[in-house]
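Q: First the structure, which I've put down as structure tokens, then a few questions once you've had a look.
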Amino acid sequence: MEPLERGTPIPDPLTPYLEVDRTQPRHECWVTGHMVAGLDGTAAIHGRVGALSTEPDQDLFRRMRQIADVVMVGAQTIRREGYAPMRLSESARAQRRTRGQSEMPPVAVVSRSLDLDWSSQVFAAAPEHARTIVITCAEADPKRLAAAEQAATVIIAGEERVEPAAALQALAGLGYQVVLCEGGPRWLGELVAADRLDELCLSISPMMGGDALPVSVAPPGAGIAQFSLKSTMVADDTLFLRYEAKPAAEGRL
């Protein structure tokens with residue numbers, strides 16, 4: 001066991017994340033989860049993730065979107081956090097153009113019920129070149145599905161529920177090779193159970209006493225997935241951990 005010590009400050013905390021090779025996903029596309037947790041494992045305070053996030057975490061959270069071809073978010077997180085279309089700095093957009101990416105990643109909302117406000121910013125303000133995507137299932141309410149098709153690009157991924165593998169296959173088919181998942185805990189748990197989470201970037205916030213909700217909620221019958229710690233950083237009192245999934249032969253119990 002080695003002690004974790006504060007090292008030489010990194011000029012740009014995003015650099016270690018930009019340097020990760022995400023060109024060899026284990027399945028259809030590379031899936032990165034980006035989450036924050038308190039010291040007691042909680043993933044929200046009064047239902048809001050933002051209340052748990054420190055200033056260094058908020059900065060990295062926004063800038064991490066630079067790595068993504070698409071940012072995937074569960075419907076509950078969309079409703080509670082007040083999402084809008086992605087915004088990146090001119091420097092970030094230039095770097096994306098250099099790497100052959102679009103200037104802005106679209107948002108992909110995962111929703112079985114389609115109980116969403118179609119006039120909200122995440123839909124109404126999305127530019128045509130980064131139109132918001134809605135991922136749902138075949139048994140979604142027909143009227144809500146029709147409304148979704150007016151406000152977003154709709155993907156049907158599954159019959160009675162949204163199937164992670166089908167959702168990611170569809171995104172990969174649209175050319176999205178790096179998917180950044182920003183929650184929520186239940187959708188992240190579905191991705192882990194389907195063996196679709198390649199990378200987890202986890203910020204540990206120096207807080208306790210939040211909601212009784214963990215970072216990931218596994219569906220019934222899910223196995224145990226194992227990950228390897230690849231890097232650590234610390235800023236003020238916030239710890240940043242980056243993990244990658246172990247190969248299937250050694251990573252599932």
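Each chain in the structure tokens gets a letter, A, B, ..., in the order shown, and its residues are numbered from 1; ligands are numbered from 1 in order too.
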List the neighbours of segment 102-109 of chain A out to 7 Å using only C-alpha atoms; skip same-chain residues closer than 3 positions along the sequence, and give me the result as an mmCIF file with C-alpha atoms, in the first residue's frame.

A:
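After the write, result05.cif holds the following:
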data_model
loop_
_atom_site.group_PDB
_atom_site.id
_atom_site.type_symbol
_atom_site.label_atom_id
_atom_site.label_comp_id
_atom_site.auth_asym_id
_atom_site.auth_seq_id
_atom_site.Cartn_x
_atom_site.Cartn_y
_atom_site.Cartn_z
ATOM 1 C CA ALA A 68 -17.277 13.450 -25.650
ATOM 2 C CA ASP A 69 -18.952 12.855 -28.991
ATOM 3 C CA VAL A 70 -22.266 12.802 -27.098
ATOM 4 C CA VAL A 71 -23.248 13.468 -23.463
ATOM 5 C CA MET A 72 -25.761 10.903 -22.163
ATOM 6 C CA VAL A 73 -27.972 11.719 -19.167
ATOM 7 C CA GLY A 74 -30.909 10.034 -17.465
ATOM 8 C CA ALA A 75 -34.270 11.826 -17.508
ATOM 9 C CA PRO A 85 -27.223 22.360 -24.570
ATOM 10 C CA MET A 86 -23.482 21.928 -24.064
ATOM 11 C CA ARG A 93 -13.972 23.824 -29.818
ATOM 12 C CA ARG A 96 -12.209 19.253 -31.034
ATOM 13 C CA ARG A 97 -12.005 20.386 -34.657
ATOM 14 C CA ALA A 130 -26.161 19.305 -32.084
ATOM 15 C CA ARG A 131 -29.852 18.490 -31.803
ATOM 16 C CA THR A 132 -30.773 16.795 -28.563
ATOM 17 C CA ILE A 133 -31.343 13.039 -28.765
ATOM 18 C CA VAL A 134 -33.996 11.142 -26.808
ATOM 19 C CA ILE A 135 -33.433 7.424 -26.200
#

Q: Considering only strand (DSSP E) as DSSP defines it on the backbone, what residues of segment 66-124 of chain A qualify? List them as number ranges by chain.

A: A: 70-74, 107-110

Q: Quote the spacing between atom CA of Pro214 of chain A and atom CA of Ala43 of chain A in Å to one decimal place.

A: 5.3 Å

Q: Just the number, please: distance in Å from atom CA of Phe240 of chain A to atom CA of Leu197 of chain A, one decimal.

A: 17.8 Å

Q: As an MDAnalysis selection string, please: every residue in segment 1-228 of chain A that DSSP puts in alpha helix (DSSP H).

A: chainID A and resid 15:18 55:63 75:81 90:98 121:124 142:151 164:173 185:193

Q: Set the distance at 9 Å and use only C-alpha atoms: which residues neighbour segment 112-127 of chain A once local chain neighbours fewer than 6 positions away are removed? I'd like the list as a list in words.

A: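 What passes the distance filter is Ala75, Ile78, Arg79, Gly82, Tyr83, Ala84, Pro85, Met86, Pro106, Ile133, Val134, Ile135, Thr136, Cys137, Glu139, Ala140, Asp141, Arg144, Leu145, Ala147, Ala148, Gln150, Ala151, Ala152, Glu160, Arg161 and Val162 of chain A.
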
Q: Could you check which of A:Arg80, A:Arg186, A:Arg196, A:Arg242 is closest to Pro219 of chain A, using only C-alpha atoms?

A: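 Selected residue with least distance to Pro219 of chain A: A:Arg186.
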
Q: Quick one: of A:Arg22, A:His34, A:Arg87, A:His46, who's nearest to Ala212 of chain A, counting only C-alpha atoms?

A: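 Checking each of A:Arg22, A:His34, A:Arg87, A:His46 against Ala212 of chain A, counting only C-alpha atoms, the winner is A:His46.
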
Q: Counting only C-alpha atoms, what are the residues of segment 218-245 of chain A within 10 Å of segment 52-61 of chain A, and for each of them which pair of atoms is the nearest and at what distance in Å, to one decimal? Sort the table by chain and rising number, as a tab-separated table.

A:
residue	atom	partner	partner_atom	distance
A:Val234	CA	A:Pro56	CA	9.2
A:Ala235	CA	A:Pro56	CA	6.5
A:Asp236	CA	A:Pro56	CA	7.7
A:Asp237	CA	A:Thr54	CA	8.9
A:Thr238	CA	A:Thr54	CA	7.3
A:Leu239	CA	A:Asp57	CA	8.9
A:Phe240	CA	A:Asp57	CA	8.2

Q: Include N, CA, C and O atoms and write out the residues we just selected as a PDB file, in the first residue's frame.

A:
ATOM      1  N   VAL A 234      -5.671  15.654  -6.827  1.00  0.00           N
ATOM      2  CA  VAL A 234      -6.325  16.327  -5.708  1.00  0.00           C
ATOM      3  C   VAL A 234      -6.272  17.827  -5.951  1.00  0.00           C
ATOM      4  O   VAL A 234      -5.277  18.365  -6.438  1.00  0.00           O
ATOM      5  N   ALA A 235      -7.390  18.496  -5.664  1.00  0.00           N
ATOM      6  CA  ALA A 235      -7.472  19.951  -5.766  1.00  0.00           C
ATOM      7  C   ALA A 235      -8.218  20.447  -4.547  1.00  0.00           C
ATOM      8  O   ALA A 235      -9.361  20.041  -4.306  1.00  0.00           O
ATOM      9  N   ASP A 236      -7.570  21.315  -3.776  1.00  0.00           N
ATOM     10  CA  ASP A 236      -8.124  21.733  -2.487  1.00  0.00           C
ATOM     11  C   ASP A 236      -8.411  20.470  -1.680  1.00  0.00           C
ATOM     12  O   ASP A 236      -7.512  19.697  -1.427  1.00  0.00           O
ATOM     13  N   ASP A 237      -9.663  20.215  -1.324  1.00  0.00           N
ATOM     14  CA  ASP A 237      -9.997  19.014  -0.547  1.00  0.00           C
ATOM     15  C   ASP A 237     -10.782  17.998  -1.365  1.00  0.00           C
ATOM     16  O   ASP A 237     -11.374  17.061  -0.807  1.00  0.00           O
ATOM     17  N   THR A 238     -10.796  18.152  -2.680  1.00  0.00           N
ATOM     18  CA  THR A 238     -11.528  17.245  -3.561  1.00  0.00           C
ATOM     19  C   THR A 238     -10.566  16.266  -4.213  1.00  0.00           C
ATOM     20  O   THR A 238      -9.526  16.657  -4.742  1.00  0.00           O
ATOM     21  N   LEU A 239     -10.912  14.986  -4.186  1.00  0.00           N
ATOM     22  CA  LEU A 239     -10.095  13.919  -4.759  1.00  0.00           C
ATOM     23  C   LEU A 239     -10.708  13.464  -6.078  1.00  0.00           C
ATOM     24  O   LEU A 239     -11.914  13.247  -6.171  1.00  0.00           O
ATOM     25  N   PHE A 240      -9.864  13.336  -7.105  1.00  0.00           N
ATOM     26  CA  PHE A 240     -10.323  12.920  -8.426  1.00  0.00           C
ATOM     27  C   PHE A 240      -9.703  11.561  -8.757  1.00  0.00           C
ATOM     28  O   PHE A 240      -8.480  11.421  -8.793  1.00  0.00           O
TER      29      PHE A 240
END

Q: Between A:Ile67, A:Leu200, A:Val217, A:Val110, which residue has the minimum interatomic distance to Pro164 of chain A, considering only C-alpha atoms?

A: A:Val110

Q: Compile the contact shell of Gln169 of chain A as a list in words: residues with an atom at most 9 Å away, counting only C-alpha atoms, same-chain residues fewer than 4 positions apart removed.

A: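 Returned residues: His27, Glu28, Cys29, Ala157, Pro164, Ala165, Gly173 and Leu174 of chain A.
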
Q: What does the distance between atom CA of Ala166 of chain A and atom CA of Met64 of chain A come to in Å, to one decimal place?

A: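 Separating atom CA of Ala166 of chain A from atom CA of Met64 of chain A is a distance of 24.8 Å.
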
Q: Let me make sure I understand: among A:Gly183, A:Gly41, A:Gly175, A:Pro206, which one has the smallest atom-to-atom distance to Gln101 of chain A if we use only C-alpha atoms?

A: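 The closest residue to Gln101 of chain A is A:Gly175.
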
Q: Choose the residue, out of A:Leu171, A:Ala218, A:Leu202, A:Leu213, that has the smallest atom-to-atom separation from Ser231 of chain A; count only C-alpha atoms.

A: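 Selected residue with least distance to Ser231 of chain A: A:Leu202.
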